[in-house]
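Written below as structure tokens is the structure these notes are about.
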Amino acid sequence: MRLCTFCITTILEKTLTWDEHHKSYKALKQSSDEGCLYCRALHDDVAIIAPELKEEGEAREWPVWRWTVRSLAKIRESLETVVVTFRQIPKEGGGKAKLPTRVFYLFPEEDLGPLPTISELGTTTNPTKSGGYLITNWLETCNSTHSGCMKRRKSILSSGKTPFVPTRLLDISGDPKSNIRVIETKTSPVRDPYVSLSHCWGLKEFVRLTTTNRKKFTTEGVQWSLLPRNFQEAIEVGRFLGLKYIWIDSLCIVQEGPEGDFPSEAGKMHHVYRNSYCNIAIVDSEDSIGGAFRSRKPEDVVPVSYQAAGVSALFRKQTWRVVPANLWDSELLQTFLYRRGWVFQERMLAPRILHFAHRQIFWDCPSMSACETLPAGLPQPMDSAAGPDRHWRGRLQESEQSQELLAGASDASLADFWKTAVQKYTVCNLTMGKDKLIAMWGIAKLLRDALHIEYGEGLWEQNLEDQLAWRVTECTLKVRPSESTEVEIARKIPSWSWASMDGKIEVPDPLSNVPHHTVKDHNNRPLAFDLKGVKRVPEPTRISDKAFPQQARGMSDSIAEMQRRYKDMEKEGMVQPKTEEHRTEEVNRDDPPVFYSKSIEIQGHVGRGRLEKIEMKGQWCLKVGGISEDIIDAFPDVLPNEESPGEANPFFIVLSAKKVTQTETVFKQSKQETVIKPAVDWVISGHGILMKEYKTDHFLRTGAFSFRKVEDAVFQKLQQTYGSKELLSRGMYNAEHGRIFWLD
């Protein structure tokens, strides 16, 4: 790759800071065919996103892009950087399809550390033939100089604990192409390190461990010729690293039959990846036969070199290297493997990873992210995608040993991390919907144990009222997956969990540390899970004067009478006796949480509204009687069925709300200033959920809603309980605390 004459003369050698790019598709294609880095990236966008721009009749659409060039300010240890950006030029009437903005960084070559030559890079990603010295250097550097990476290894050795060993491993210490034997580590103890493998299974059949072949594979081994290419090449990498063992899921877990152990082994997979010496990730293969190694033209992989021909105040006489800003995303995170749900926790938990991609090998550990063309590490401006994941991978490596809080003074909080993790995870694909929570359990377990916060079905007990208000980013489904009868989609997950849905999920930020309004459980306590093996402080279950103050007019029933009715409902199974909440059973804390009941007790004001689509905005709003404006943003989980009252006219409840100081913008002497009004002048922001009642006093979640900076009068209308008289007669309502119900 190189830069074409047009891009050099019009972008890098001009004194302008912006201008238009190619005037025609023909000119762009010619430069792309000649190997220009900039033009090829833009041409690929046209070919994939807006092929109509190739047509001669679309000449009026050209030029399509405007470029800008600027120098980034050098901060602390950041490199000197020049940024070239290509943005689509807005057209009257909106123009054609929206094309992405493309950004390229230019770094002084001497600042990037030693770069491999074309001959050193080689024509393949097979480390036994070329590039292997970089892998060796990365591992040696990680083992000897990365203090953060070394910390955990030392803590394991000093703890006196026996290092974790998987139930089974594959012995790869034999001759090339010899049989690969499955080792049962309980009967054949293993003390040496092992590598693990992340790969896509795909639809094509390949060899797996079953109850039928288990005896043969543990004695004679698996014939080399039976192993798919992914396995063969992963074994070659393991041998190159000098290791004797590898863990491959399909050959180390009994996949089927009466003795299949996937249910028990799935809960241990976080240990498997977290304790591996290194994880081998085959990211460019969509199935088991695609393999890890790729042929390549090294001249197309090395960063493009540029040196100004004449006097340049910006580039001086230095040699610069040009790198796409989205290198980590486009060549790694957007690959086949990392669109797979199971691999999210594998990537987050492995202590270090060798990613075998289409053009080069990438390295990842808690201290550094690198690739063959940038072996000393990603420059700081490019590290925005890899950096946060690397940071949290390091914290997750520490957590089990240190038992310290993961969120330190300079760290993102648990809420921030979990919000990002859920967003990234929910855009990944899973073959079976029922695996959605299992594939996330490894990360959740480490956070739970370190932070001492209970976890269940994808949510955290701390600020549970906020957690419940997650939202579907784009409402496109007609049927809730957890209510589907399709085998691949169906799952037994409560409606209040985001895992009951498919598609990208956004978890809301906690409103504040001390919100002025939150719903409570039936005993006026914070919302909680009903988990086995979790000790709770016993509290007598009663409907007390405090819980049910005599505020409603016409409230003739005595407290004793309401208590009697509550007990009658317990006998009829309409409510669950609270004595069960405090039972404790021994459970394996390595396994996913087990519930006594997945129904969440809630008491709050349950109203009823109407969903309306605001076509101009492409958004939904919740209309509530007495509130004229469209100020309540609604986020239905599935497309509402207008013929179903439960969906078109949902119940709703505000879960959490906070008071916000009202501000006012005024102008003084041509200067805009923000003036804070007195503290008594408040507005209120909050969020909640939409629901449908599917049996008496039991609701299913159907969506979420939020409101910002509404007057107190509006908030009070959201705190009116629908059907309060009938509920009062059944002892299921209190004027102060609202309706008693269960969210299922």
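Please note that chains go A, B, ... in the order of the structure tokens, that every chain numbers its residues from 1, and that ligands are numbered from 1 in the order shown.
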Just the helix (DSSP H, G or I) stuff from region 151-327 of chain A, please, per backbone DSSP, written as a PyMOL selection string.
-> chain A and resi 151-159+214-219+224-226+229-240+249-252+262-266+269-274+298-301+327
Considering only C-alpha atoms, return as a PyMOL selection string whatever protein or nucleic-acid residues lie within 9 Å of Gln318 (chain A), sequence-local ones (same chain, fewer than 6 positions apart) excluded.
-> chain A and resi 108-110+306-308
Could you state the separation of CA of Ser31 (chain A) and CA of Phe315 (chain A) in Å, given to one decimal place?
-> 23.0 Å
Could you pull out all residues of region 288-413 of chain A with a DSSP call of strand (DSSP E) and give them as a PyMOL selection string?
-> chain A and resi 304-307+319-324+353-356+361-365+368-371
The residue from A:Ala97, A:Ile740, A:Ala469, A:Leu718 with the smallest atom-to-atom distance to Ala704 (chain A), counting only C-alpha atoms, is A:Ala469
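Closest approach to Trp620 (chain A) among A:Lys695, A:Pro351, A:Gln716, A:Cys475 is made by A:Cys475 (distances from only C-alpha atoms).
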Spatial neighbours of Glu457 (chain A), max dist 8 Å, only C-alpha atoms, sep filter under 4 positions, as a list in words |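 The residues satisfying every condition are Leu437, Ile493, Pro494, Ser497 and Ala499 of chain A.
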Shell around Ala648 (chain A) at 9 Å using only C-alpha atoms, local window under 6 positions removed, as a count of residues only | 7
Near-Leu251 (chain A) list (10 Å; only C-alpha atoms; drop same-chain fewer than 3 positions) as a list in words | Arg168, Leu169, Leu170, Arg181, Val182, Val207, Arg208, Leu209, Thr210, Arg214, Phe217, Val222, Phe231, Trp247, Ile248, Val254 and Gln255 of chain A
Deliver the residues from the most recent selection as a file, using C-alpha atoms, as a PDB file, in the first residue's frame.
```
ATOM      1  CA  ARG A 168      -9.654 -32.513  30.650  1.00  0.00           C
ATOM      2  CA  LEU A 169      -6.767 -31.399  28.465  1.00  0.00           C
ATOM      3  CA  LEU A 170      -5.311 -32.528  25.139  1.00  0.00           C
ATOM      4  CA  ARG A 181      -4.881 -37.968  23.474  1.00  0.00           C
ATOM      5  CA  VAL A 182      -7.582 -36.611  25.809  1.00  0.00           C
ATOM      6  CA  VAL A 207     -14.978 -34.334  15.738  1.00  0.00           C
ATOM      7  CA  ARG A 208     -16.316 -33.959  19.291  1.00  0.00           C
ATOM      8  CA  LEU A 209     -15.938 -35.816  22.563  1.00  0.00           C
ATOM      9  CA  THR A 210     -18.984 -37.994  23.313  1.00  0.00           C
ATOM     10  CA  ARG A 214     -14.589 -41.065  25.207  1.00  0.00           C
ATOM     11  CA  PHE A 217      -9.949 -40.769  22.787  1.00  0.00           C
ATOM     12  CA  VAL A 222      -7.801 -38.665  18.237  1.00  0.00           C
ATOM     13  CA  PHE A 231      -7.508 -27.619  15.842  1.00  0.00           C
ATOM     14  CA  TRP A 247      -7.808 -27.000  26.001  1.00  0.00           C
ATOM     15  CA  ILE A 248     -10.372 -27.169  23.170  1.00  0.00           C
ATOM     16  CA  VAL A 254     -18.434 -34.418  26.793  1.00  0.00           C
ATOM     17  CA  GLN A 255     -20.865 -32.848  24.350  1.00  0.00           C
TER      18      GLN A 255
END
```
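Relative to CA of Leu511 (chain A), CA of Gly686 (chain A) is found at 7.2 Å.
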Counting only C-alpha atoms, what is within 10 Å of Lys244 (chain A), bar same-chain residues fewer than 6 positions away, as a list in words?
->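 Within the cut-off, the hits are Leu169, Leu170, Asp171, Ile172, Ser173, Gly174, Val190, Asp192, Pro193, Tyr194, Val195, Ile235 and Gly238 of chain A.
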Dump of N, CA and C atoms for the selected residues, as a PDB file, in the first residue's frame:
```
ATOM      1  N   LEU A 169      -7.679 -32.123  29.341  1.00  0.00           N
ATOM      2  CA  LEU A 169      -6.767 -31.399  28.465  1.00  0.00           C
ATOM      3  C   LEU A 169      -6.362 -32.322  27.327  1.00  0.00           C
ATOM      4  N   LEU A 170      -5.843 -31.744  26.250  1.00  0.00           N
ATOM      5  CA  LEU A 170      -5.311 -32.528  25.139  1.00  0.00           C
ATOM      6  C   LEU A 170      -3.794 -32.524  25.224  1.00  0.00           C
ATOM      7  N   ASP A 171      -3.198 -33.691  25.149  1.00  0.00           N
ATOM      8  CA  ASP A 171      -1.743 -33.842  25.192  1.00  0.00           C
ATOM      9  C   ASP A 171      -1.191 -33.617  23.787  1.00  0.00           C
ATOM     10  N   ILE A 172      -0.409 -32.542  23.607  1.00  0.00           N
ATOM     11  CA  ILE A 172       0.139 -32.221  22.282  1.00  0.00           C
ATOM     12  C   ILE A 172       1.660 -32.356  22.263  1.00  0.00           C
ATOM     13  N   SER A 173       2.189 -33.114  23.216  1.00  0.00           N
ATOM     14  CA  SER A 173       3.648 -33.237  23.335  1.00  0.00           C
ATOM     15  C   SER A 173       4.244 -34.269  22.388  1.00  0.00           C
ATOM     16  N   GLY A 174       3.394 -34.988  21.649  1.00  0.00           N
ATOM     17  CA  GLY A 174       3.896 -36.033  20.759  1.00  0.00           C
ATOM     18  C   GLY A 174       4.473 -35.483  19.468  1.00  0.00           C
ATOM     19  N   VAL A 190      -1.977 -33.106  36.026  1.00  0.00           N
ATOM     20  CA  VAL A 190      -1.187 -32.246  35.145  1.00  0.00           C
ATOM     21  C   VAL A 190      -0.755 -31.022  35.937  1.00  0.00           C
ATOM     22  N   ASP A 192       1.767 -28.825  34.343  1.00  0.00           N
ATOM     23  CA  ASP A 192       2.324 -27.898  33.362  1.00  0.00           C
ATOM     24  C   ASP A 192       1.249 -26.941  32.844  1.00  0.00           C
ATOM     25  N   PRO A 193       1.660 -25.770  32.360  1.00  0.00           N
ATOM     26  CA  PRO A 193       0.691 -24.810  31.818  1.00  0.00           C
ATOM     27  C   PRO A 193       0.054 -25.323  30.522  1.00  0.00           C
ATOM     28  N   TYR A 194      -1.056 -24.728  30.160  1.00  0.00           N
ATOM     29  CA  TYR A 194      -1.769 -25.113  28.938  1.00  0.00           C
ATOM     30  C   TYR A 194      -2.221 -23.854  28.201  1.00  0.00           C
ATOM     31  N   VAL A 195      -2.444 -23.990  26.907  1.00  0.00           N
ATOM     32  CA  VAL A 195      -3.065 -22.917  26.131  1.00  0.00           C
ATOM     33  C   VAL A 195      -4.529 -23.289  25.911  1.00  0.00           C
ATOM     34  N   ILE A 235      -2.897 -26.373  17.604  1.00  0.00           N
ATOM     35  CA  ILE A 235      -1.909 -27.273  18.216  1.00  0.00           C
ATOM     36  C   ILE A 235      -0.502 -26.898  17.766  1.00  0.00           C
ATOM     37  N   GLY A 238       0.503 -23.986  19.840  1.00  0.00           N
ATOM     38  CA  GLY A 238       0.837 -24.438  21.195  1.00  0.00           C
ATOM     39  C   GLY A 238       2.210 -25.071  21.257  1.00  0.00           C
TER      40      GLY A 238
END
```
Would you kindly return, as a PyMOL selection string, each protein, DNA or RNA residue with an atom no farther than 6 Å from any atom of region 516-529 of chain A, considering only C-alpha atoms and excluding same-chain residues fewer than 4 positions away?
-> chain A and resi 461+601-604+655-658
Limited to N, CA and C atoms, could you put the picked residues into a file as a compact mmCIF listing (two decimals), in the first residue's frame?
```txt
# COMPACT_ATOMS: atom_id res chain seq x y z
N GLU A 461 -28.03 -6.80 42.34
CA GLU A 461 -29.00 -6.47 43.39
C GLU A 461 -28.84 -5.03 43.87
N GLU A 601 -40.56 -9.09 44.36
CA GLU A 601 -41.57 -8.35 45.12
C GLU A 601 -41.39 -6.85 44.90
N ILE A 602 -42.47 -6.19 44.55
CA ILE A 602 -42.42 -4.73 44.39
C ILE A 602 -43.70 -4.14 44.97
N GLN A 603 -43.54 -3.00 45.61
CA GLN A 603 -44.70 -2.21 46.01
C GLN A 603 -44.47 -0.79 45.54
N GLY A 604 -45.39 -0.29 44.75
CA GLY A 604 -45.26 1.07 44.22
C GLY A 604 -46.53 1.44 43.49
N LEU A 655 -39.78 3.44 38.85
CA LEU A 655 -38.93 2.67 39.76
C LEU A 655 -38.01 3.56 40.59
N SER A 656 -37.55 4.63 39.98
CA SER A 656 -36.59 5.50 40.66
C SER A 656 -36.67 6.89 40.08
N ALA A 657 -36.52 7.89 40.94
CA ALA A 657 -36.57 9.28 40.49
C ALA A 657 -35.71 10.14 41.39
N LYS A 658 -35.23 11.23 40.85
CA LYS A 658 -34.41 12.14 41.65
C LYS A 658 -34.79 13.58 41.35
```
Rank A:Thr218, A:Ser369, A:Ser484, A:Thr128 by their smallest atom-to-atom distance to His355 (chain A), using only C-alpha atoms, and report the top residue only.
-> A:Ser369
So how far away is CA of Leu459 (chain A) from CA of Val606 (chain A), in Å?
-> 22.2 Å
Looking at only C-alpha atoms, which of A:Met382, A:Val46, A:Cys371, A:Leu332 is the one that sits closest to Lys98 (chain A)?
->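 Residue with the minimum atom-to-atom distance to Lys98 (chain A): A:Val46.
Using only C-alpha atoms for every distance, the candidate list A:Tyr277, A:Phe344, A:Trp682, A:Phe652 yields A:Trp682 as the residue closest to Ala713 (chain A).
Across A:Ser178, A:Asn429, A:Thr187, A:Ser500, the tightest approach to Arg340 (chain A) is made by A:Asn429 when counting only C-alpha atoms.
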Using only C-alpha atoms, what does the table of region 151-236 of chain A residues within 9 Å of region 259-269 of chain A look like, with each row giving the shortest atom pair and its distance in Å to one decimal, sorted by chain and ascending number, as CSV?
```
residue,atom,partner,partner_atom,distance
A:Pro166,CA,A:Lys268,CA,8.3
A:Thr167,CA,A:Glu265,CA,8.2
A:Thr210,CA,A:Gly260,CA,7.1
A:Thr211,CA,A:Glu259,CA,6.2
```
Got time to write the residues from that selection, C-alpha atoms, as a PDB file, in the first residue's frame?
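Okay, this is what ended up in part.pdb:
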```
ATOM      1  CA  PRO A 166      -9.353 -28.155  33.670  1.00  0.00           C
ATOM      2  CA  THR A 167     -11.216 -31.449  33.948  1.00  0.00           C
ATOM      3  CA  THR A 210     -18.984 -37.994  23.313  1.00  0.00           C
ATOM      4  CA  THR A 211     -19.816 -40.837  25.660  1.00  0.00           C
TER       5      THR A 211
END
```
